[in-house]
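*Asks:* Data: input.cif, mmCIF, C-alpha atoms.
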```cif
data_run
loop_
_atom_site.group_PDB
_atom_site.id
_atom_site.type_symbol
_atom_site.label_atom_id
_atom_site.label_comp_id
_atom_site.auth_asym_id
_atom_site.auth_seq_id
_atom_site.Cartn_x
_atom_site.Cartn_y
_atom_site.Cartn_z
ATOM 1 C CA MET L 17 0.000 0.000 0.000
ATOM 2 C CA THR L 18 2.804 2.373 0.914
ATOM 3 C CA ARG L 19 4.502 1.757 -2.417
ATOM 4 C CA SER L 20 1.315 2.310 -4.437
ATOM 5 C CA ILE L 21 0.471 5.563 -2.640
ATOM 6 C CA GLY L 22 4.009 6.824 -3.149
ATOM 7 C CA PHE L 23 3.898 5.846 -6.806
ATOM 8 C CA CYS L 24 0.615 7.708 -7.365
ATOM 9 C CA LEU L 25 1.925 10.796 -5.579
ATOM 10 C CA GLY L 26 5.108 10.651 -7.673
ATOM 11 C CA LEU L 27 3.085 10.528 -10.883
ATOM 12 C CA LEU L 28 1.028 13.511 -9.748
ATOM 13 C CA LEU L 29 4.132 15.568 -9.017
ATOM 14 C CA LEU L 30 5.781 14.562 -12.286
ATOM 15 C CA ALA L 31 2.673 15.501 -14.274
ATOM 16 C CA GLY L 32 2.623 18.901 -12.602
ATOM 17 C CA CYS L 33 6.186 19.894 -13.555
ATOM 18 C CA GLU L 34 6.605 22.625 -16.169
ATOM 19 C CA THR L 35 8.367 25.939 -16.709
ATOM 20 C CA THR L 36 6.422 29.143 -17.169
ATOM 21 C CA THR L 37 9.075 31.262 -18.905
ATOM 22 C CA SER L 38 12.013 31.277 -21.269
ATOM 23 C CA GLY L 39 15.388 31.840 -19.674
ATOM 24 C CA GLY L 40 16.274 35.270 -21.052
ATOM 25 C CA ALA L 41 19.832 36.496 -20.542
ATOM 26 C CA VAL L 42 19.782 35.729 -16.809
ATOM 27 C CA GLY L 43 18.422 32.168 -16.960
ATOM 28 C CA ALA L 44 14.886 31.777 -15.566
ATOM 29 C CA ASP L 45 13.577 28.507 -16.933
ATOM 30 C CA ARG L 46 13.881 25.999 -14.090
ATOM 31 C CA SER L 47 11.190 23.336 -13.794
ATOM 32 C CA GLN L 48 8.289 24.296 -11.509
ATOM 33 C CA LEU L 49 5.624 22.252 -9.741
ATOM 34 C CA MET L 50 2.228 23.454 -10.983
ATOM 35 C CA LEU L 51 -0.866 21.657 -9.658
ATOM 36 C CA VAL L 52 -3.188 24.706 -9.761
ATOM 37 C CA SER L 53 -4.618 26.197 -12.969
ATOM 38 C CA SER L 54 -3.335 29.634 -13.975
ATOM 39 C CA SER L 55 -6.784 30.763 -15.178
ATOM 40 C CA GLU L 56 -8.284 30.090 -11.763
ATOM 41 C CA LEU L 57 -5.545 32.057 -10.015
ATOM 42 C CA ASP L 58 -5.793 34.940 -12.522
ATOM 43 C CA GLN L 59 -9.525 35.204 -11.878
ATOM 44 C CA MET L 60 -8.994 35.258 -8.116
ATOM 45 C CA ALA L 61 -6.296 37.923 -8.515
ATOM 46 C CA ALA L 62 -8.537 40.133 -10.670
ATOM 47 C CA GLN L 63 -11.295 39.932 -8.075
ATOM 48 C CA SER L 64 -8.917 40.678 -5.197
ATOM 49 C CA TYR L 65 -7.377 43.605 -7.064
ATOM 50 C CA ALA L 66 -10.784 45.087 -7.881
ATOM 51 C CA LYS L 67 -11.745 44.900 -4.209
ATOM 52 C CA LEU L 68 -8.443 46.474 -3.170
ATOM 53 C CA LEU L 69 -9.008 49.411 -5.523
ATOM 54 C CA ALA L 70 -12.620 49.815 -4.424
ATOM 55 C CA ASP L 71 -11.621 49.844 -0.755
ATOM 56 C CA ALA L 72 -8.811 52.328 -1.448
ATOM 57 C CA ALA L 73 -11.127 54.601 -3.410
ATOM 58 C CA HIS L 74 -13.637 54.524 -0.560
ATOM 59 C CA ALA L 75 -10.875 55.399 1.909
ATOM 60 C CA GLY L 76 -9.556 58.180 -0.337
ATOM 61 C CA THR L 77 -6.125 56.575 -0.737
ATOM 62 C CA LEU L 78 -6.277 55.572 -4.421
ATOM 63 C CA ASN L 79 -4.056 57.521 -6.834
ATOM 64 C CA ARG L 80 -4.049 60.713 -4.747
ATOM 65 C CA ASP L 81 -0.691 61.883 -6.093
ATOM 66 C CA ALA L 82 -1.117 62.466 -9.848
ATOM 67 C CA ALA L 83 2.591 63.088 -10.446
ATOM 68 C CA MET L 84 3.612 59.878 -8.675
ATOM 69 C CA LEU L 85 0.974 57.889 -10.548
ATOM 70 C CA LYS L 86 2.274 59.272 -13.845
ATOM 71 C CA ARG L 87 5.853 58.264 -12.949
ATOM 72 C CA VAL L 88 4.930 54.713 -11.966
ATOM 73 C CA ARG L 89 2.709 54.152 -15.006
ATOM 74 C CA ALA L 90 5.397 55.527 -17.315
ATOM 75 C CA VAL L 91 7.919 53.028 -15.955
ATOM 76 C CA ALA L 92 5.426 50.177 -16.306
ATOM 77 C CA SER L 93 4.580 51.116 -19.893
ATOM 78 C CA ARG L 94 8.264 50.880 -20.849
ATOM 79 C CA ILE L 95 8.777 47.527 -19.136
ATOM 80 C CA GLU L 96 5.593 45.711 -20.199
ATOM 81 C CA PRO L 97 6.546 45.154 -23.878
ATOM 82 C CA HIS L 98 9.820 43.505 -22.817
ATOM 83 C CA THR L 99 8.002 40.843 -20.817
ATOM 84 C CA ALA L 100 7.770 38.992 -24.155
ATOM 85 C CA VAL L 101 11.431 38.015 -23.663
ATOM 86 C CA PHE L 102 10.325 35.679 -20.878
ATOM 87 C CA ARG L 103 6.831 34.760 -22.112
ATOM 88 C CA HIS L 104 5.224 35.721 -25.406
ATOM 89 C CA ASP L 105 1.692 36.086 -24.017
ATOM 90 C CA ALA L 106 2.548 38.591 -21.278
ATOM 91 C CA PRO L 107 2.420 41.870 -23.262
ATOM 92 C CA ALA L 108 -1.240 41.125 -24.023
ATOM 93 C CA TRP L 109 -2.191 40.725 -20.362
ATOM 94 C CA LYS L 110 -4.759 43.172 -18.970
ATOM 95 C CA TRP L 111 -2.153 45.247 -17.155
ATOM 96 C CA GLU L 112 -3.269 47.670 -14.460
ATOM 97 C CA VAL L 113 -1.037 50.029 -12.465
ATOM 98 C CA ASN L 114 -2.176 52.044 -9.444
ATOM 99 C CA VAL L 115 -0.652 53.849 -6.462
ATOM 100 C CA LEU L 116 -1.966 53.569 -2.905
ATOM 101 C CA SER L 117 -1.273 56.323 -0.382
ATOM 102 C CA SER L 118 0.278 54.553 2.594
ATOM 103 C CA ASN L 119 3.418 54.720 4.699
ATOM 104 C CA GLU L 120 3.968 51.031 3.992
ATOM 105 C CA MET L 121 7.100 50.330 1.935
ATOM 106 C CA ASN L 122 5.638 47.798 -0.445
ATOM 107 C CA ALA L 123 4.715 47.009 -4.041
ATOM 108 C CA PHE L 124 3.306 43.953 -5.768
ATOM 109 C CA CYS L 125 2.159 42.513 -9.076
ATOM 110 C CA MET L 126 -0.671 40.012 -8.824
ATOM 111 C CA PRO L 127 -1.102 37.174 -11.353
ATOM 112 C CA GLY L 128 -2.178 38.545 -14.716
ATOM 113 C CA GLY L 129 -0.399 41.908 -14.343
ATOM 114 C CA LYS L 130 -2.282 43.736 -11.561
ATOM 115 C CA ILE L 131 0.292 46.155 -10.108
ATOM 116 C CA ALA L 132 0.162 48.357 -7.016
ATOM 117 C CA PHE L 133 2.822 50.637 -5.550
ATOM 118 C CA TYR L 134 2.574 52.104 -2.056
ATOM 119 C CA SER L 135 3.585 55.743 -1.846
ATOM 120 C CA GLY L 136 5.651 55.054 1.279
ATOM 121 C CA LEU L 137 8.111 52.977 -0.722
ATOM 122 C CA ILE L 138 8.805 55.825 -3.129
ATOM 123 C CA ASN L 139 8.694 58.675 -0.618
ATOM 124 C CA GLN L 140 10.635 57.133 2.259
ATOM 125 C CA LEU L 141 13.409 55.738 0.067
ATOM 126 C CA HIS L 142 13.377 58.717 -2.314
ATOM 127 C CA LEU L 143 13.348 56.341 -5.276
ATOM 128 C CA THR L 144 14.600 57.465 -8.654
ATOM 129 C CA ASP L 145 12.845 56.284 -11.813
ATOM 130 C CA ASN L 146 15.673 53.770 -12.299
ATOM 131 C CA GLU L 147 15.038 52.355 -8.822
ATOM 132 C CA ILE L 148 11.270 52.272 -9.401
ATOM 133 C CA ALA L 149 12.020 50.246 -12.534
ATOM 134 C CA ILE L 150 14.057 47.736 -10.526
ATOM 135 C CA VAL L 151 11.159 47.258 -8.086
ATOM 136 C CA MET L 152 8.661 47.145 -10.952
ATOM 137 C CA GLY L 153 10.676 44.563 -12.873
ATOM 138 C CA HIS L 154 11.043 42.432 -9.757
ATOM 139 C CA GLU L 155 7.323 42.423 -8.982
ATOM 140 C CA ILE L 156 6.339 41.785 -12.605
ATOM 141 C CA SER L 157 8.759 38.854 -12.648
ATOM 142 C CA HIS L 158 6.833 37.180 -9.828
ATOM 143 C CA ALA L 159 3.751 37.281 -12.055
ATOM 144 C CA LEU L 160 5.620 36.098 -15.161
ATOM 145 C CA ARG L 161 7.009 33.101 -13.298
ATOM 146 C CA GLU L 162 3.610 32.514 -11.634
ATOM 147 C CA HIS L 163 5.259 32.189 -8.244
ATOM 148 C CA SER L 164 1.892 32.439 -6.447
ATOM 149 C CA ARG L 165 0.646 29.454 -8.425
ATOM 150 C CA GLU L 166 3.847 27.576 -7.681
ATOM 151 C CA GLN L 167 3.619 28.332 -3.951
ATOM 152 C CA ALA L 168 0.008 27.104 -3.853
ATOM 153 C CA SER L 169 1.030 23.919 -5.675
ATOM 154 C CA GLN L 170 3.937 23.314 -3.299
ATOM 155 C CA ALA L 171 1.617 23.713 -0.313
ATOM 156 C CA MET L 172 -0.856 21.239 -1.837
ATOM 157 C CA ALA L 173 1.881 18.678 -2.438
ATOM 158 C CA ALA L 174 3.348 19.160 1.052
ATOM 159 C CA GLN L 175 -0.013 18.737 2.777
ATOM 160 C CA ALA L 176 -0.738 15.606 0.752
ATOM 161 C CA THR L 177 2.647 14.124 1.663
ATOM 162 C CA ILE L 178 2.301 14.999 5.370
ATOM 163 C CA GLY L 179 -1.209 13.554 5.523
ATOM 164 C CA ILE L 180 -0.178 10.305 3.840
ATOM 165 C CA GLY L 181 2.902 9.960 6.035
ATOM 166 C CA ALA L 182 0.948 10.548 9.234
ATOM 167 C CA ALA L 183 -1.655 7.939 8.243
ATOM 168 C CA LEU L 184 0.939 5.312 7.307
ATOM 169 C CA LEU L 185 2.913 5.805 10.533
ATOM 170 C CA GLY L 186 -0.193 5.830 12.697
ATOM 171 C CA LEU L 187 0.422 9.367 13.929
ATOM 172 C CA GLY L 188 -2.344 11.556 15.283
ATOM 173 C CA GLN L 189 -3.538 14.862 13.848
ATOM 174 C CA GLY L 190 -1.368 16.744 16.332
ATOM 175 C CA SER L 191 1.800 15.248 14.859
ATOM 176 C CA ALA L 192 0.628 16.041 11.341
ATOM 177 C CA ASP L 193 -0.110 19.651 12.345
ATOM 178 C CA LEU L 194 3.360 19.942 13.908
ATOM 179 C CA ALA L 195 4.960 18.671 10.706
ATOM 180 C CA GLY L 196 2.928 21.211 8.733
ATOM 181 C CA THR L 197 4.140 24.010 10.980
ATOM 182 C CA GLY L 198 7.727 22.909 10.452
ATOM 183 C CA TYR L 199 7.189 22.919 6.698
ATOM 184 C CA GLN L 200 5.883 26.478 6.749
ATOM 185 C CA ALA L 201 8.670 27.716 9.027
ATOM 186 C CA LEU L 202 11.600 26.177 7.171
ATOM 187 C CA VAL L 203 10.871 24.469 3.861
ATOM 188 C CA ALA L 204 8.311 26.918 2.455
ATOM 189 C CA THR L 205 10.557 29.901 3.196
ATOM 190 C CA ARG L 206 13.278 28.238 1.142
ATOM 191 C CA PHE L 207 10.954 28.167 -1.830
ATOM 192 C CA SER L 208 10.149 31.828 -1.250
ATOM 193 C CA ARG L 209 13.815 32.801 -1.183
ATOM 194 C CA THR L 210 14.287 30.972 -4.474
ATOM 195 C CA ASP L 211 11.407 32.956 -5.950
ATOM 196 C CA GLU L 212 12.797 36.257 -4.669
ATOM 197 C CA ALA L 213 16.261 35.628 -6.084
ATOM 198 C CA GLU L 214 14.712 34.606 -9.397
ATOM 199 C CA ALA L 215 12.596 37.768 -9.522
ATOM 200 C CA ASP L 216 15.691 39.840 -8.763
ATOM 201 C CA ARG L 217 17.492 38.394 -11.791
ATOM 202 C CA MET L 218 14.573 38.712 -14.180
ATOM 203 C CA GLY L 219 13.620 42.155 -12.904
ATOM 204 C CA LEU L 220 17.125 43.432 -13.487
ATOM 205 C CA GLU L 221 16.966 42.226 -17.085
ATOM 206 C CA LEU L 222 13.515 43.737 -17.677
ATOM 207 C CA ALA L 223 14.643 47.119 -16.331
ATOM 208 C CA ALA L 224 17.802 47.024 -18.467
ATOM 209 C CA ARG L 225 15.901 46.144 -21.646
ATOM 210 C CA ALA L 226 13.515 49.046 -20.955
ATOM 211 C CA GLY L 227 16.445 51.466 -20.761
ATOM 212 C CA TYR L 228 16.765 51.783 -16.977
ATOM 213 C CA ASP L 229 20.229 51.584 -15.410
ATOM 214 C CA PRO L 230 20.721 48.165 -13.703
ATOM 215 C CA HIS L 231 23.140 49.780 -11.234
ATOM 216 C CA ALA L 232 19.982 51.081 -9.567
ATOM 217 C CA GLY L 233 19.530 47.559 -8.212
ATOM 218 C CA VAL L 234 22.563 48.156 -6.021
ATOM 219 C CA THR L 235 21.495 51.602 -4.798
ATOM 220 C CA LEU L 236 17.943 50.361 -4.157
ATOM 221 C CA TRP L 237 19.073 47.606 -1.833
ATOM 222 C CA GLN L 238 21.611 49.827 -0.152
ATOM 223 C CA LYS L 239 18.693 52.095 0.713
ATOM 224 C CA MET L 240 16.706 49.087 1.941
ATOM 225 C CA ILE L 241 19.614 47.989 4.132
ATOM 226 C CA ALA L 242 19.779 51.447 5.704
ATOM 227 C CA ALA L 243 15.995 51.534 6.237
ATOM 228 C CA ASN L 244 15.849 48.037 7.768
ATOM 229 C CA SER L 245 19.018 48.046 9.856
ATOM 230 C CA GLY L 246 18.525 46.363 13.214
ATOM 231 C CA ALA L 247 15.129 44.929 12.274
ATOM 232 C CA ARG L 248 16.007 41.804 10.294
ATOM 233 C CA GLN L 249 15.708 38.120 11.155
ATOM 234 C CA PRO L 250 18.245 35.454 10.105
ATOM 235 C CA GLU L 251 18.119 34.733 6.389
ATOM 236 C CA PHE L 252 17.385 31.013 6.835
ATOM 237 C CA LEU L 253 14.079 31.935 8.533
ATOM 238 C CA SER L 254 13.206 34.719 6.119
ATOM 239 C CA SER L 255 11.155 34.587 2.942
ATOM 240 C CA HIS L 256 13.581 37.072 1.365
ATOM 241 C CA PRO L 257 17.331 36.777 0.820
ATOM 242 C CA ALA L 258 19.486 38.909 3.101
ATOM 243 C CA ASP L 259 19.812 42.376 1.617
ATOM 244 C CA GLU L 260 23.621 42.199 1.525
ATOM 245 C CA ASN L 261 23.415 38.975 -0.496
ATOM 246 C CA ARG L 262 21.055 40.633 -2.959
ATOM 247 C CA VAL L 263 23.548 43.441 -3.537
ATOM 248 C CA ARG L 264 26.349 40.948 -4.247
ATOM 249 C CA GLU L 265 24.185 38.903 -6.613
ATOM 250 C CA ILE L 266 23.019 41.997 -8.502
ATOM 251 C CA GLU L 267 26.605 43.189 -8.862
ATOM 252 C CA ALA L 268 27.522 39.754 -10.268
ATOM 253 C CA LEU L 269 24.746 40.049 -12.863
ATOM 254 C CA LEU L 270 25.721 43.506 -14.122
ATOM 255 C CA PRO L 271 28.088 42.218 -16.864
ATOM 256 C CA ALA L 272 25.190 40.195 -18.331
ATOM 257 C CA VAL L 273 22.588 42.984 -18.303
ATOM 258 C CA MET L 274 24.607 46.146 -18.944
ATOM 259 C CA PRO L 275 24.898 45.417 -22.699
ATOM 260 C CA LEU L 276 21.070 45.203 -22.804
ATOM 261 C CA TYR L 277 20.808 48.601 -21.109
ATOM 262 C CA GLN L 278 23.386 50.132 -23.426
ATOM 263 C CA ALA L 279 21.598 48.762 -26.492
ATOM 264 C CA ALA L 280 18.293 50.193 -25.242
ATOM 265 C CA ARG L 281 19.866 53.647 -24.853
ATOM 266 C CA LEU L 282 21.084 53.796 -28.469
#
```
Would you put the structure from the file into structure tokens?
*Replies:*
Amino acid sequence: MTRSIGFCLGLLLLAGCETTTSGGAVGADRSQLMLVSSSELDQMAAQSYAKLLADAAHAGTLNRDAAMLKRVRAVASRIEPHTAVFRHDAPAWKWEVNVLSSNEMNAFCMPGGKIAFYSGLINQLHLTDNEIAIVMGHEISHALREHSREQASQAMAAQATIGIGAALLGLGQGSADLAGTGYQALVATRFSRTDEAEADRMGLELAARAGYDPHAGVTLWQKMIAANSGARQPEFLSSHPADENRVREIEALLPAVMPLYQAARL
């Protein structure tokens, strides 16, 4: 019985492996576990984004700064066509870009190209357009690689494995719950760090192809280090790579992406 269950689970995982993007200049074509449909996730994202905008409009925090909105949308409009380098369907997505007035230093791109920037990120870090492009490229890369879909699939596979293992070993629900907690605390964060590093690489390339200086990736994270000093947890328990490591990795990628930036400036 154990062997047959394991065999079936192995077939399920194998059938769910694919890659969502081409590699580009930075290499972003690893195999991903995908057990959730992209159309379902895109629909959920569109609904969530619409509610977010409606709530922000009601609160008077949606697109209050016209100049900032213009800057962010201008950066997005330059980057969006270059998403075709990683996946040919992406330029035709129903892209949306909005700015929320908040002190929170955050930005995101939901599945399907639903982008939001928080004003606190731009104001508190005094971001240049080049640095906005680095953030924008990073967040768009999460959507291109469908990291949310991958995370959901990984969670599904992990829960299935934990449940089967607990049943076979005769463990109670408490033991299964404890194993699930351990997965979230350690294993799942490793997947997240992989996603973040991948989005860093792809985002740097997208910004460069759109004519934004990739060196801004270094200055952006130097600003983040200064803003977050004394408030960070160890990297192995974090869903994001340590900021200092990001700076080193971005610097290592500059020889690959600078020619793209220089070509875009001609």
*Asks:* Name the residues in contact with Ser53 of chain L at a cut-off of 9 Å, using only C-alpha atoms, excluding same-chain residues fewer than 4 positions from it; report them as a ChimeraX atom specification.
*Replies:* /L:57-58,165
*Asks:* Identify all residues satisfying the PyMOL selection byres ((chain L and resi 263) around 12) in the given file; provide them as a ChimeraX atom specification.
*Replies:* /L:213,216-217,220,230-241,257-262,264-270
*Asks:* What is the atom CA of Trp109 of chain L to atom CA of Met152 of chain L distance in Å?
*Replies:*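 Separation of atom CA of Trp109 of chain L and atom CA of Met152 of chain L: 15.7 Å.
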*Asks:* Take the PyMOL selection byres ((chain L and resi 227) around 12), apply it to the structure above, and return the hits as a ChimeraX atom specification.
*Replies:* /L:91-95,98,145-146,149-150,153,220-226,228-232,273-282
*Asks:* When you draw a straight line from atom CA of Ala44 of chain L to atom CA of Ala215 of chain L, how long is it in Å?
*Replies:*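 We find that atom CA of Ala44 of chain L and atom CA of Ala215 of chain L lie 8.8 Å from each other.
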*Asks:* So what do you get for atom CA of Phe102 of chain L versus atom CA of Ser64 of chain L, distance-wise?
*Replies:*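 Those two atoms sit 25.3 Å apart.
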*Asks:* What's the 10 Å shell around Asn119 of chain L, counting all atoms listed in the file, without same-chain residues fewer than 5 positions away, as a PyMOL selection string?
*Replies:* chain L and resi 134-140
*Asks:* With only C-alpha atoms as the atoms that count, which of L:Val101, L:Ala272, L:Ala62, L:Ala41 lies nearest to Cys125 of chain L?
*Replies:*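 Smallest separation from Cys125 of chain L among the options: L:Ala62.
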*Asks:* Which residue, L:Lys130, L:Arg87, L:Arg46, L:Arg103, has the smallest gap to Met60 of chain L when you use all atoms listed in the file?
*Replies:*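 With all atoms listed in the file as the atom set, the closest residue is L:Lys130.
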